[in-house]
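Listing of start_12.pdb, PDB, C-alpha atoms, pLDDT in the B column
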```
MODEL        1
ATOM      1  CA  MET A 104       0.000   0.000   0.000  1.00 44.00           C
ATOM      2  CA  SER A 105       1.515   3.352  -1.044  1.00 50.00           C
ATOM      3  CA  ARG A 106       1.834   6.186   1.436  1.00 59.00           C
ATOM      4  CA  GLU A 107       1.853   9.939   0.967  1.00 65.00           C
ATOM      5  CA  ALA A 108       5.298  11.536   1.110  1.00 71.00           C
ATOM      6  CA  PRO A 109       5.969  13.364   4.388  1.00 79.00           C
ATOM      7  CA  SER A 110       5.777  17.156   4.510  1.00 88.00           C
ATOM      8  CA  THR A 111       8.756  18.741   6.271  1.00 93.00           C
ATOM      9  CA  ALA A 112      10.115  22.235   6.832  1.00 94.00           C
ATOM     10  CA  VAL A 113      13.287  23.342   8.619  1.00 97.00           C
ATOM     11  CA  GLU A 114      13.262  26.757  10.315  1.00 97.00           C
ATOM     12  CA  PRO A 115       9.884  27.642   8.777  1.00 97.00           C
ATOM     13  CA  THR A 116       8.248  31.010   9.282  1.00 97.00           C
ATOM     14  CA  PRO A 117       5.146  30.951  11.510  1.00 97.00           C
ATOM     15  CA  GLU A 118       3.006  31.176   8.379  1.00 96.00           C
ATOM     16  CA  GLN A 119       4.813  28.260   6.711  1.00 97.00           C
ATOM     17  CA  ALA A 120       4.433  26.131   9.841  1.00 97.00           C
ATOM     18  CA  LEU A 121       0.744  27.050   9.947  1.00 96.00           C
ATOM     19  CA  ASP A 122       0.230  25.877   6.354  1.00 94.00           C
ATOM     20  CA  VAL A 123       1.847  22.493   7.064  1.00 94.00           C
ATOM     21  CA  VAL A 124      -0.019  21.874  10.313  1.00 94.00           C
ATOM     22  CA  ARG A 125      -3.456  22.985   9.120  1.00 90.00           C
ATOM     23  CA  GLU A 126      -3.289  20.884   5.969  1.00 87.00           C
ATOM     24  CA  SER A 127      -2.006  17.906   7.935  1.00 87.00           C
ATOM     25  CA  ILE A 128      -4.800  18.111  10.506  1.00 82.00           C
ATOM     26  CA  GLU A 129      -7.370  18.174   7.710  1.00 76.00           C
ATOM     27  CA  ARG A 130      -5.717  15.167   6.044  1.00 77.00           C
ATOM     28  CA  GLU A 131      -5.442  13.208   9.306  1.00 78.00           C
ATOM     29  CA  ARG A 132      -1.662  13.040   9.340  1.00 87.00           C
ATOM     30  CA  LEU A 133       0.650  12.727  12.334  1.00 93.00           C
ATOM     31  CA  VAL A 134       2.427  16.034  13.038  1.00 96.00           C
ATOM     32  CA  THR A 135       5.676  16.674  14.922  1.00 97.00           C
ATOM     33  CA  LEU A 136       6.992  20.105  15.871  1.00 98.00           C
ATOM     34  CA  PHE A 137      10.264  21.010  17.577  1.00 98.00           C
ATOM     35  CA  GLY A 138      11.394  24.321  18.981  1.00 98.00           C
ATOM     36  CA  PRO A 139      11.501  26.601  22.012  1.00 98.00           C
ATOM     37  CA  CYS A 140       7.987  27.027  23.332  1.00 98.00           C
ATOM     38  CA  ARG A 141       5.870  27.904  26.345  1.00 98.00           C
ATOM     39  CA  VAL A 142       3.194  25.380  27.379  1.00 97.00           C
ATOM     40  CA  GLU A 143       0.035  26.279  29.299  1.00 97.00           C
ATOM     41  CA  TYR A 144      -2.612  23.868  30.542  1.00 95.00           C
ATOM     42  CA  GLU A 145      -6.040  24.768  31.902  1.00 94.00           C
ATOM     43  CA  GLY A 146      -8.553  22.165  33.038  1.00 89.00           C
ATOM     44  CA  ARG A 147      -8.733  19.961  36.097  1.00 82.00           C
ATOM     45  CA  ALA A 148      -5.776  22.051  37.299  1.00 87.00           C
ATOM     46  CA  SER A 149      -3.597  24.822  35.855  1.00 91.00           C
ATOM     47  CA  SER A 150       0.070  24.630  34.921  1.00 93.00           C
ATOM     48  CA  THR A 151       2.666  26.548  32.948  1.00 95.00           C
ATOM     49  CA  LEU A 152       5.984  25.391  31.511  1.00 96.00           C
ATOM     50  CA  ASP A 153       8.360  28.259  30.789  1.00 96.00           C
ATOM     51  CA  VAL A 154      10.100  28.486  27.424  1.00 97.00           C
ATOM     52  CA  GLY A 155      12.257  25.480  26.595  1.00 97.00           C
ATOM     53  CA  ASP A 156      13.078  23.193  23.672  1.00 98.00           C
ATOM     54  CA  ARG A 157      10.311  20.633  23.305  1.00 98.00           C
ATOM     55  CA  LEU A 158       8.934  18.085  20.869  1.00 98.00           C
ATOM     56  CA  VAL A 159       5.180  18.371  20.277  1.00 98.00           C
ATOM     57  CA  VAL A 160       3.289  15.487  18.665  1.00 98.00           C
ATOM     58  CA  LEU A 161      -0.262  15.876  17.318  1.00 96.00           C
ATOM     59  CA  LYS A 162      -1.974  12.602  16.421  1.00 90.00           C
ATOM     60  CA  PRO A 163      -4.980  12.121  14.116  1.00 82.00           C
ATOM     61  CA  ASP A 164      -6.949  10.503  16.947  1.00 79.00           C
ATOM     62  CA  GLY A 165      -6.915  13.839  18.809  1.00 83.00           C
ATOM     63  CA  SER A 166      -4.141  13.113  21.292  1.00 90.00           C
ATOM     64  CA  ALA A 167      -1.335  15.621  21.866  1.00 95.00           C
ATOM     65  CA  LEU A 168       2.031  14.982  23.546  1.00 97.00           C
ATOM     66  CA  VAL A 169       4.699  17.401  24.770  1.00 98.00           C
ATOM     67  CA  HIS A 170       8.152  15.857  25.306  1.00 97.00           C
ATOM     68  CA  THR A 171      11.476  17.130  26.652  1.00 95.00           C
ATOM     69  CA  ASP A 172      14.864  15.438  26.294  1.00 92.00           C
ATOM     70  CA  GLU A 173      14.317  13.336  29.428  1.00 92.00           C
ATOM     71  CA  GLY A 174      12.220  10.277  30.188  1.00 90.00           C
ATOM     72  CA  GLN A 175       9.693   8.337  28.150  1.00 91.00           C
ATOM     73  CA  GLN A 176       6.604  10.120  29.498  1.00 93.00           C
ATOM     74  CA  PRO A 177       5.367  13.442  28.076  1.00 96.00           C
ATOM     75  CA  VAL A 178       5.558  16.445  30.407  1.00 94.00           C
ATOM     76  CA  ASN A 179       2.068  17.382  29.295  1.00 95.00           C
ATOM     77  CA  TRP A 180      -0.540  15.711  27.128  1.00 94.00           C
ATOM     78  CA  GLN A 181      -4.124  15.531  25.921  1.00 92.00           C
ATOM     79  CA  PRO A 182      -6.020  12.250  25.349  1.00 89.00           C
ATOM     80  CA  PRO A 183      -7.613  10.983  22.124  1.00 81.00           C
ATOM     81  CA  GLY A 184     -10.787  12.775  21.085  1.00 75.00           C
ATOM     82  CA  CYS A 185      -9.427  16.302  21.460  1.00 82.00           C
ATOM     83  CA  THR A 186      -9.493  18.899  18.700  1.00 83.00           C
ATOM     84  CA  HIS A 187      -6.261  20.387  17.343  1.00 88.00           C
ATOM     85  CA  GLU A 188      -6.102  23.926  15.987  1.00 90.00           C
ATOM     86  CA  ALA A 189      -3.200  26.067  14.816  1.00 95.00           C
ATOM     87  CA  ARG A 190      -2.909  29.817  14.280  1.00 95.00           C
ATOM     88  CA  VAL A 191      -0.491  32.727  14.194  1.00 96.00           C
ATOM     89  CA  ASP A 192      -0.972  35.370  16.931  1.00 95.00           C
ATOM     90  CA  ASP A 193       1.055  38.566  16.486  1.00 94.00           C
ATOM     91  CA  GLY A 194       3.758  36.686  14.618  1.00 95.00           C
ATOM     92  CA  THR A 195       3.808  33.757  17.082  1.00 97.00           C
ATOM     93  CA  PHE A 196       2.902  30.246  15.976  1.00 98.00           C
ATOM     94  CA  VAL A 197       0.399  28.676  18.369  1.00 98.00           C
ATOM     95  CA  VAL A 198      -0.982  25.148  18.673  1.00 97.00           C
ATOM     96  CA  GLU A 199      -4.105  24.552  20.747  1.00 95.00           C
ATOM     97  CA  SER A 200      -5.597  21.209  21.785  1.00 93.00           C
ATOM     98  CA  GLN A 201      -9.055  21.293  23.365  1.00 88.00           C
ATOM     99  CA  ARG A 202     -11.213  18.724  25.107  1.00 84.00           C
ATOM    100  CA  THR A 203     -14.857  19.330  25.927  1.00 75.00           C
ATOM    101  CA  THR A 204     -15.710  16.562  28.406  1.00 74.00           C
ATOM    102  CA  PRO A 205     -14.261  17.649  30.747  1.00 83.00           C
ATOM    103  CA  ASP A 206     -13.185  21.108  29.556  1.00 88.00           C
ATOM    104  CA  GLU A 207      -9.412  21.101  29.105  1.00 92.00           C
ATOM    105  CA  GLU A 208      -7.069  23.207  27.002  1.00 95.00           C
ATOM    106  CA  LEU A 209      -3.413  22.709  26.130  1.00 97.00           C
ATOM    107  CA  LEU A 210      -1.802  25.793  24.575  1.00 97.00           C
ATOM    108  CA  VAL A 211       1.700  25.735  23.059  1.00 98.00           C
ATOM    109  CA  ARG A 212       3.300  29.028  21.982  1.00 98.00           C
ATOM    110  CA  PHE A 213       6.484  28.658  19.930  1.00 98.00           C
ATOM    111  CA  GLU A 214       9.183  31.317  20.104  1.00 97.00           C
ATOM    112  CA  SER A 215      10.326  29.707  16.860  1.00 97.00           C
ATOM    113  CA  VAL A 216       9.700  26.448  15.035  1.00 98.00           C
ATOM    114  CA  ARG A 217      12.968  24.748  14.183  1.00 98.00           C
ATOM    115  CA  HIS A 218      11.398  21.779  12.444  1.00 97.00           C
ATOM    116  CA  VAL A 219       7.910  20.647  11.483  1.00 97.00           C
ATOM    117  CA  ALA A 220       6.985  17.367   9.812  1.00 96.00           C
ATOM    118  CA  ALA A 221       3.770  15.569   8.915  1.00 94.00           C
ATOM    119  CA  TYR A 222       3.496  11.876   8.114  1.00 91.00           C
ATOM    120  CA  ASP A 223       0.946   9.416   6.835  1.00 83.00           C
ATOM    121  CA  ALA A 224       1.270   7.003   9.742  1.00 75.00           C
ATOM    122  CA  THR A 225      -1.886   4.979   9.139  1.00 64.00           C
ATOM    123  CA  ASP A 226      -1.518   1.265   9.740  1.00 56.00           C
ATOM    124  CA  PRO A 227      -2.541  -0.551   6.521  1.00 54.00           C
ATOM    125  CA  GLU A 228      -4.234  -3.258   8.616  1.00 52.00           C
ATOM    126  CA  ASP A 229      -6.270  -0.594  10.413  1.00 50.00           C
ATOM    127  CA  LEU A 230      -7.285   0.860   7.068  1.00 49.00           C
ATOM    128  CA  ALA A 231      -8.476  -2.528   5.924  1.00 50.00           C
ATOM    129  CA  LEU A 232     -10.665  -2.841   8.999  1.00 50.00           C
ATOM    130  CA  SER A 233     -12.024   0.702   9.202  1.00 61.00           C
ATOM    131  CA  GLY A 234     -12.219   1.510   5.496  1.00 76.00           C
ATOM    132  CA  THR A 235     -11.191   4.530   3.470  1.00 83.00           C
ATOM    133  CA  GLU A 236     -12.865   7.676   2.201  1.00 87.00           C
ATOM    134  CA  ALA A 237     -13.119   5.949  -1.178  1.00 89.00           C
ATOM    135  CA  ASP A 238     -15.143   3.187   0.517  1.00 91.00           C
ATOM    136  CA  LEU A 239     -17.394   5.833   2.046  1.00 93.00           C
ATOM    137  CA  ARG A 240     -17.851   7.512  -1.345  1.00 94.00           C
ATOM    138  CA  ASP A 241     -18.708   4.202  -3.001  1.00 94.00           C
ATOM    139  CA  ARG A 242     -21.312   3.413  -0.329  1.00 95.00           C
ATOM    140  CA  ILE A 243     -23.115   6.682  -1.081  1.00 96.00           C
ATOM    141  CA  LEU A 244     -22.831   6.339  -4.855  1.00 96.00           C
ATOM    142  CA  ASP A 245     -24.242   2.802  -4.651  1.00 96.00           C
ATOM    143  CA  ASP A 246     -27.076   3.864  -2.342  1.00 96.00           C
ATOM    144  CA  PRO A 247     -27.626   7.654  -2.307  1.00 97.00           C
ATOM    145  CA  SER A 248     -30.477   7.227   0.189  1.00 96.00           C
ATOM    146  CA  LEU A 249     -27.820   6.619   2.846  1.00 95.00           C
ATOM    147  CA  LEU A 250     -27.287  10.372   2.674  1.00 95.00           C
ATOM    148  CA  GLU A 251     -30.987  11.229   2.407  1.00 96.00           C
ATOM    149  CA  ASP A 252     -34.049  10.272   0.368  1.00 96.00           C
ATOM    150  CA  GLY A 253     -34.064  11.957  -3.023  1.00 96.00           C
ATOM    151  CA  PHE A 254     -30.355  12.741  -3.147  1.00 97.00           C
ATOM    152  CA  GLU A 255     -28.844  12.383  -6.636  1.00 97.00           C
ATOM    153  CA  PRO A 256     -25.044  12.372  -7.031  1.00 97.00           C
ATOM    154  CA  ARG A 257     -23.936  14.341 -10.094  1.00 96.00           C
ATOM    155  CA  ALA A 258     -20.135  14.399  -9.854  1.00 95.00           C
ATOM    156  CA  THR A 259     -17.162  13.357  -7.723  1.00 94.00           C
ATOM    157  CA  GLU A 260     -14.058  15.474  -7.181  1.00 91.00           C
ATOM    158  CA  ARG A 261     -15.789  18.538  -8.635  1.00 91.00           C
ATOM    159  CA  ASP A 262     -13.276  21.372  -8.832  1.00 90.00           C
ATOM    160  CA  THR A 263     -13.844  24.707  -7.092  1.00 88.00           C
ATOM    161  CA  HIS A 264     -11.390  27.498  -6.356  1.00 87.00           C
ATOM    162  CA  ALA A 265     -11.389  26.207  -2.740  1.00 86.00           C
ATOM    163  CA  GLY A 266     -10.495  22.635  -3.767  1.00 87.00           C
ATOM    164  CA  ALA A 267     -12.184  19.486  -5.038  1.00 90.00           C
ATOM    165  CA  VAL A 268     -15.594  18.557  -3.627  1.00 94.00           C
ATOM    166  CA  ASP A 269     -15.829  14.852  -2.723  1.00 95.00           C
ATOM    167  CA  ILE A 270     -19.395  14.450  -4.007  1.00 96.00           C
ATOM    168  CA  PHE A 271     -21.568  17.079  -5.682  1.00 96.00           C
ATOM    169  CA  GLY A 272     -25.270  16.439  -6.226  1.00 96.00           C
ATOM    170  CA  GLU A 273     -28.843  17.644  -5.889  1.00 96.00           C
ATOM    171  CA  ASP A 274     -31.489  17.027  -3.263  1.00 96.00           C
ATOM    172  CA  ALA A 275     -35.150  16.200  -3.887  1.00 95.00           C
ATOM    173  CA  ASP A 276     -35.949  19.917  -4.221  1.00 95.00           C
ATOM    174  CA  GLY A 277     -33.252  20.550  -6.824  1.00 94.00           C
ATOM    175  CA  ASN A 278     -30.876  22.310  -4.429  1.00 95.00           C
ATOM    176  CA  ALA A 279     -27.137  21.887  -4.912  1.00 95.00           C
ATOM    177  CA  VAL A 280     -25.496  19.669  -2.276  1.00 97.00           C
ATOM    178  CA  VAL A 281     -21.804  19.621  -1.349  1.00 97.00           C
ATOM    179  CA  VAL A 282     -20.756  16.419   0.441  1.00 97.00           C
ATOM    180  CA  GLU A 283     -17.478  16.231   2.362  1.00 96.00           C
ATOM    181  CA  LEU A 284     -16.344  12.730   3.377  1.00 94.00           C
ATOM    182  CA  LYS A 285     -14.215  11.749   6.378  1.00 91.00           C
ATOM    183  CA  ARG A 286     -13.500   8.168   7.386  1.00 86.00           C
ATOM    184  CA  ARG A 287     -12.947   8.928  11.085  1.00 82.00           C
ATOM    185  CA  ARG A 288     -14.242  11.192  13.866  1.00 82.00           C
ATOM    186  CA  VAL A 289     -13.579  14.816  12.938  1.00 82.00           C
ATOM    187  CA  GLY A 290     -13.360  18.245  14.532  1.00 80.00           C
ATOM    188  CA  PRO A 291     -13.851  21.885  13.527  1.00 82.00           C
ATOM    189  CA  ASP A 292     -11.226  21.790  10.747  1.00 78.00           C
ATOM    190  CA  ALA A 293     -13.446  19.477   8.682  1.00 86.00           C
ATOM    191  CA  VAL A 294     -16.367  21.866   9.183  1.00 90.00           C
ATOM    192  CA  GLY A 295     -14.229  24.760   7.984  1.00 88.00           C
ATOM    193  CA  GLN A 296     -13.204  22.777   4.916  1.00 89.00           C
ATOM    194  CA  LEU A 297     -16.836  22.007   4.061  1.00 94.00           C
ATOM    195  CA  ASN A 298     -17.825  25.635   4.585  1.00 93.00           C
ATOM    196  CA  ARG A 299     -15.132  26.807   2.152  1.00 92.00           C
ATOM    197  CA  TYR A 300     -16.482  24.446  -0.518  1.00 93.00           C
ATOM    198  CA  VAL A 301     -20.047  25.631   0.037  1.00 95.00           C
ATOM    199  CA  GLU A 302     -19.027  29.288  -0.232  1.00 92.00           C
ATOM    200  CA  ALA A 303     -17.018  28.531  -3.389  1.00 91.00           C
ATOM    201  CA  LEU A 304     -20.009  26.825  -5.046  1.00 92.00           C
ATOM    202  CA  ARG A 305     -22.285  29.691  -4.079  1.00 90.00           C
ATOM    203  CA  ARG A 306     -19.997  32.050  -5.951  1.00 88.00           C
ATOM    204  CA  ASP A 307     -19.774  29.713  -8.944  1.00 86.00           C
ATOM    205  CA  LEU A 308     -23.523  29.131  -9.314  1.00 85.00           C
ATOM    206  CA  HIS A 309     -26.245  31.652 -10.092  1.00 76.00           C
ATOM    207  CA  ALA A 310     -27.093  34.193  -7.420  1.00 70.00           C
ATOM    208  CA  ASP A 311     -30.365  32.652  -6.225  1.00 77.00           C
ATOM    209  CA  ALA A 312     -29.008  29.086  -5.991  1.00 83.00           C
ATOM    210  CA  THR A 313     -29.313  27.275  -2.659  1.00 92.00           C
ATOM    211  CA  VAL A 314     -26.198  25.297  -1.739  1.00 95.00           C
ATOM    212  CA  ARG A 315     -26.352  22.837   1.141  1.00 96.00           C
ATOM    213  CA  GLY A 316     -23.300  21.381   2.832  1.00 97.00           C
ATOM    214  CA  ILE A 317     -23.292  17.907   4.387  1.00 98.00           C
ATOM    215  CA  LEU A 318     -20.401  16.456   6.369  1.00 97.00           C
ATOM    216  CA  VAL A 319     -20.338  12.643   6.335  1.00 96.00           C
ATOM    217  CA  ALA A 320     -18.241  10.855   8.965  1.00 91.00           C
ATOM    218  CA  PRO A 321     -18.659   8.226  11.686  1.00 88.00           C
ATOM    219  CA  SER A 322     -18.864  11.004  14.316  1.00 86.00           C
ATOM    220  CA  VAL A 323     -17.895  14.608  15.102  1.00 86.00           C
ATOM    221  CA  THR A 324     -16.600  16.349  18.212  1.00 79.00           C
ATOM    222  CA  ASP A 325     -18.883  18.543  20.296  1.00 78.00           C
ATOM    223  CA  ARG A 326     -17.169  21.687  18.994  1.00 77.00           C
ATOM    224  CA  ALA A 327     -17.603  20.532  15.416  1.00 85.00           C
ATOM    225  CA  GLY A 328     -21.284  19.893  16.053  1.00 88.00           C
ATOM    226  CA  ARG A 329     -21.786  23.405  17.396  1.00 88.00           C
ATOM    227  CA  LEU A 330     -19.890  24.888  14.462  1.00 89.00           C
ATOM    228  CA  LEU A 331     -22.011  22.946  11.964  1.00 94.00           C
ATOM    229  CA  GLU A 332     -25.118  24.406  13.565  1.00 93.00           C
ATOM    230  CA  ARG A 333     -23.756  27.972  13.558  1.00 92.00           C
ATOM    231  CA  ARG A 334     -22.835  27.759   9.875  1.00 94.00           C
ATOM    232  CA  ASP A 335     -26.130  26.089   8.878  1.00 95.00           C
ATOM    233  CA  LEU A 336     -24.336  22.941   7.713  1.00 97.00           C
ATOM    234  CA  GLU A 337     -25.481  19.349   8.201  1.00 97.00           C
ATOM    235  CA  PHE A 338     -24.025  16.081   9.448  1.00 96.00           C
ATOM    236  CA  VAL A 339     -24.746  12.473   8.502  1.00 95.00           C
ATOM    237  CA  SER A 340     -23.211   9.698  10.596  1.00 93.00           C
ATOM    238  CA  LEU A 341     -21.891   6.989   8.276  1.00 91.00           C
ATOM    239  CA  SER A 342     -18.880   4.669   8.418  1.00 88.00           C
ATOM    240  CA  PRO A 343     -16.831   3.594   5.386  1.00 88.00           C
ATOM    241  CA  VAL A 344     -17.583  -0.070   6.073  1.00 81.00           C
ATOM    242  CA  PRO A 345     -21.093  -1.266   7.000  1.00 78.00           C
ATOM    243  CA  GLU A 346     -21.348  -2.569  10.535  1.00 63.00           C
ATOM    244  CA  ALA A 347     -21.546  -6.341  10.761  1.00 54.00           C
TER     245      ALA A 347
ENDMDL
END
```
Just give me the structure of the file as structure tokens.
Amino acid sequence: MSREAPSTAVEPTPEQALDVVRESIERERLVTLFGPCRVEYEGRASSTLDVGDRLVVLKPDGSALVHTDEGQQPVNWQPPGCTHEARVDDGTFVVESQRTTPDEELLVRFESVRHVAAYDATDPEDLALSGTEADLRDRILDDPSLLEDGFEPRATERDTHAGAVDIFGEDADGNAVVVELKRRRVGPDAVGQLNRYVEALRRDLHADATVRGILVAPSVTDRAGRLLERRDLEFVSLSPVPEA
């Protein structure tokens, strides 16, 4: 099974690091960052680690690990199911990992990023068991009613200036439908991706066209669910492989 080539950058600018990390989160890749940073945690307790060289690992399952050069245990961490976000604040690259139940936040502020890398670390055996986005697409194309009654797929990988839409179609009322597929539990980044596609199609189609956006995945985080509601987008729970 072929893997995607890793994305790496040495001494990137904050903006370059942001591009790598954001794309990698959307594509469910494992991300490593190294550099001097300050780490703040707020949740069941509060803690702060002053600036020091640290290795930060962001995993597709939502876990986050902060390592120093000593010991096998991280000095701070977040469990699977958290949501990763990255941004640049006043020229500083920031990584944030949030958990909603209970409320916890891990905030890492880099003085500089010396190295960033993103890898396709998916186990091929795990893929065989859980399925791929192509499997999810094929399930909907074979039975469009899995999405909703009356849905008609019209194209896959339809190009927009925001990227390629996984499935484009029409609902029973003739409204355009943008379908974004994810094979695993997703967070706000997937919602943002879907929203960009919807806005792109609205600009491409005639002014009075209605464009719906539907995110299809096994599940979404609480924050993603709230964001879907705020942006008037929809969610359909569906796994790539039918349950036995």
Quick one: contact table of segment 197-309 of chain A to segment 114-124 of chain A, 7 Å max, nearest atom pair and distance in Å to one decimal per residue, counting only C-alpha atoms, chain and number order, as CSV?
```
residue,atom,partner,partner_atom,distance
A:Val216,CA,A:Glu114,CA,5.9
A:Arg217,CA,A:Glu114,CA,4.4
A:His218,CA,A:Glu114,CA,5.7
A:Val219,CA,A:Ala120,CA,6.7
```
### Task
Would you work out the distance separating atom CA of Asp192 of chain A from atom CA of Thr135 of chain A, expressed in Å to one decimal?
19.9 Å
### Query
Given the file above and the PyMOL selection byres ((chain A and resi 132) around 8), which residues are selected, and can you give them as an MDAnalysis selection string?
chainID A and resid 127:131 133:134 162:163 221:224
### Task
Pull out every residue that the PyMOL selection byres ((chain A and resi 270-280) around 10) matches in the shown coordinates and put them as a PyMOL selection string.
chain A and resi 240+243-244+247+250-262+267-269+281-284+301+304-305+308+312-317
Based on the selection just made, write C-alpha atoms of those residues as an mmCIF file, keeping the file's coordinate frame.
```cif
data_model
loop_
_atom_site.group_PDB
_atom_site.id
_atom_site.type_symbol
_atom_site.label_atom_id
_atom_site.label_comp_id
_atom_site.auth_asym_id
_atom_site.auth_seq_id
_atom_site.Cartn_x
_atom_site.Cartn_y
_atom_site.Cartn_z
ATOM 1 C CA ARG A 240 -17.851 7.512 -1.345
ATOM 2 C CA ILE A 243 -23.115 6.682 -1.081
ATOM 3 C CA LEU A 244 -22.831 6.339 -4.855
ATOM 4 C CA PRO A 247 -27.626 7.654 -2.307
ATOM 5 C CA LEU A 250 -27.287 10.372 2.674
ATOM 6 C CA GLU A 251 -30.987 11.229 2.407
ATOM 7 C CA ASP A 252 -34.049 10.272 0.368
ATOM 8 C CA GLY A 253 -34.064 11.957 -3.023
ATOM 9 C CA PHE A 254 -30.355 12.741 -3.147
ATOM 10 C CA GLU A 255 -28.844 12.383 -6.636
ATOM 11 C CA PRO A 256 -25.044 12.372 -7.031
ATOM 12 C CA ARG A 257 -23.936 14.341 -10.094
ATOM 13 C CA ALA A 258 -20.135 14.399 -9.854
ATOM 14 C CA THR A 259 -17.162 13.357 -7.723
ATOM 15 C CA GLU A 260 -14.058 15.474 -7.181
ATOM 16 C CA ARG A 261 -15.789 18.538 -8.635
ATOM 17 C CA ASP A 262 -13.276 21.372 -8.832
ATOM 18 C CA ALA A 267 -12.184 19.486 -5.038
ATOM 19 C CA VAL A 268 -15.594 18.557 -3.627
ATOM 20 C CA ASP A 269 -15.829 14.852 -2.723
ATOM 21 C CA VAL A 281 -21.804 19.621 -1.349
ATOM 22 C CA VAL A 282 -20.756 16.419 0.441
ATOM 23 C CA GLU A 283 -17.478 16.231 2.362
ATOM 24 C CA LEU A 284 -16.344 12.730 3.377
ATOM 25 C CA VAL A 301 -20.047 25.631 0.037
ATOM 26 C CA LEU A 304 -20.009 26.825 -5.046
ATOM 27 C CA ARG A 305 -22.285 29.691 -4.079
ATOM 28 C CA LEU A 308 -23.523 29.131 -9.314
ATOM 29 C CA ALA A 312 -29.008 29.086 -5.991
ATOM 30 C CA THR A 313 -29.313 27.275 -2.659
ATOM 31 C CA VAL A 314 -26.198 25.297 -1.739
ATOM 32 C CA ARG A 315 -26.352 22.837 1.141
ATOM 33 C CA GLY A 316 -23.300 21.381 2.832
ATOM 34 C CA ILE A 317 -23.292 17.907 4.387
#
```
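The residue that comes closest to Gly184 of chain A, out of A:Ala112, A:Ala237, A:Val323, A:Cys140 and on the basis of all atoms listed in the file, is A:Val323.
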### Output of the PyMOL selection byres ((chain A and resi 110) around 6), listed as a PyMOL selection string
chain A and resi 109+111+220-221
### Summary
The residue from A:Ser215, A:Gln296, A:Thr151, A:Thr171 with the smallest atom-to-atom distance to Ala327 of chain A, counting only C-alpha atoms, is A:Gln296
#### Entry: Selection: 9 Å around Glu208 of chain A, all atoms listed in the file, excl. self and same-chain fewer than 2 positions, as number ranges by chain
A: 143-146, 181, 199-203, 206, 210
For segment 203-206 of chain A, take all atoms listed in the file, fit an axis-aligned box around them, add 5 Å to each of the six sides, then output centre and edge lengths in Å rounded to one decimal, as lines of an AutoDock Vina configuration file.
```
center_x = -14.4
center_y = 18.8
center_z = 28.3
size_x = 12.5
size_y = 14.5
size_z = 14.8
```
### Query
What does the distance from atom CA of Glu332 of chain A to atom CA of Val319 of chain A come to in Å, to one decimal?
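Distance reported for this atom pair: 14.6 Å.
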### Query
For the atom pair atom CA of Arg299 of chain A and atom CA of Gly266 of chain A, what is the interatomic distance in Å to one decimal place?
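Atom-to-atom, atom CA of Arg299 of chain A to atom CA of Gly266 of chain A, that is 8.6 Å.
Taking only C-alpha atoms into account, Leu152 of chain A lies nearest to A:Arg212 out of the set A:Arg286, A:Arg212, A:His187, A:Arg125.
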Incomplete segment 156-167 of chain A filled out to N, CA and C atoms as a short mmCIF file (atom, residue, chain, number, x, y, z; two decimals), in the frame of the given file:
```cif
data_model
loop_
_atom_site.label_atom_id
_atom_site.label_comp_id
_atom_site.auth_asym_id
_atom_site.auth_seq_id
_atom_site.Cartn_x
_atom_site.Cartn_y
_atom_site.Cartn_z
N ASP A 156 13.15 24.01 24.88
CA ASP A 156 13.08 23.19 23.67
C ASP A 156 12.22 21.96 23.94
N ARG A 157 11.22 21.76 23.11
CA ARG A 157 10.31 20.63 23.30
C ARG A 157 9.86 20.07 21.96
N LEU A 158 9.51 18.77 22.01
CA LEU A 158 8.93 18.08 20.87
C LEU A 158 7.44 17.94 21.11
N VAL A 159 6.64 18.44 20.17
CA VAL A 159 5.18 18.37 20.28
C VAL A 159 4.67 17.43 19.20
N VAL A 160 3.85 16.46 19.59
CA VAL A 160 3.29 15.49 18.66
C VAL A 160 1.77 15.63 18.67
N LEU A 161 1.19 15.81 17.49
CA LEU A 161 -0.26 15.88 17.32
C LEU A 161 -0.69 14.66 16.51
N LYS A 162 -1.56 13.83 17.09
CA LYS A 162 -1.97 12.60 16.42
C LYS A 162 -3.38 12.74 15.83
N PRO A 163 -3.66 12.02 14.75
CA PRO A 163 -4.98 12.12 14.12
C PRO A 163 -6.14 11.71 15.01
N ASP A 164 -5.86 10.91 16.06
CA ASP A 164 -6.95 10.50 16.95
C ASP A 164 -7.30 11.57 17.97
N GLY A 165 -6.62 12.74 17.91
CA GLY A 165 -6.92 13.84 18.81
C GLY A 165 -5.98 13.96 19.99
N SER A 166 -5.07 13.02 20.17
CA SER A 166 -4.14 13.11 21.29
C SER A 166 -3.00 14.08 20.95
N ALA A 167 -2.45 14.69 22.01
CA ALA A 167 -1.34 15.62 21.87
C ALA A 167 -0.32 15.32 22.96
#
```
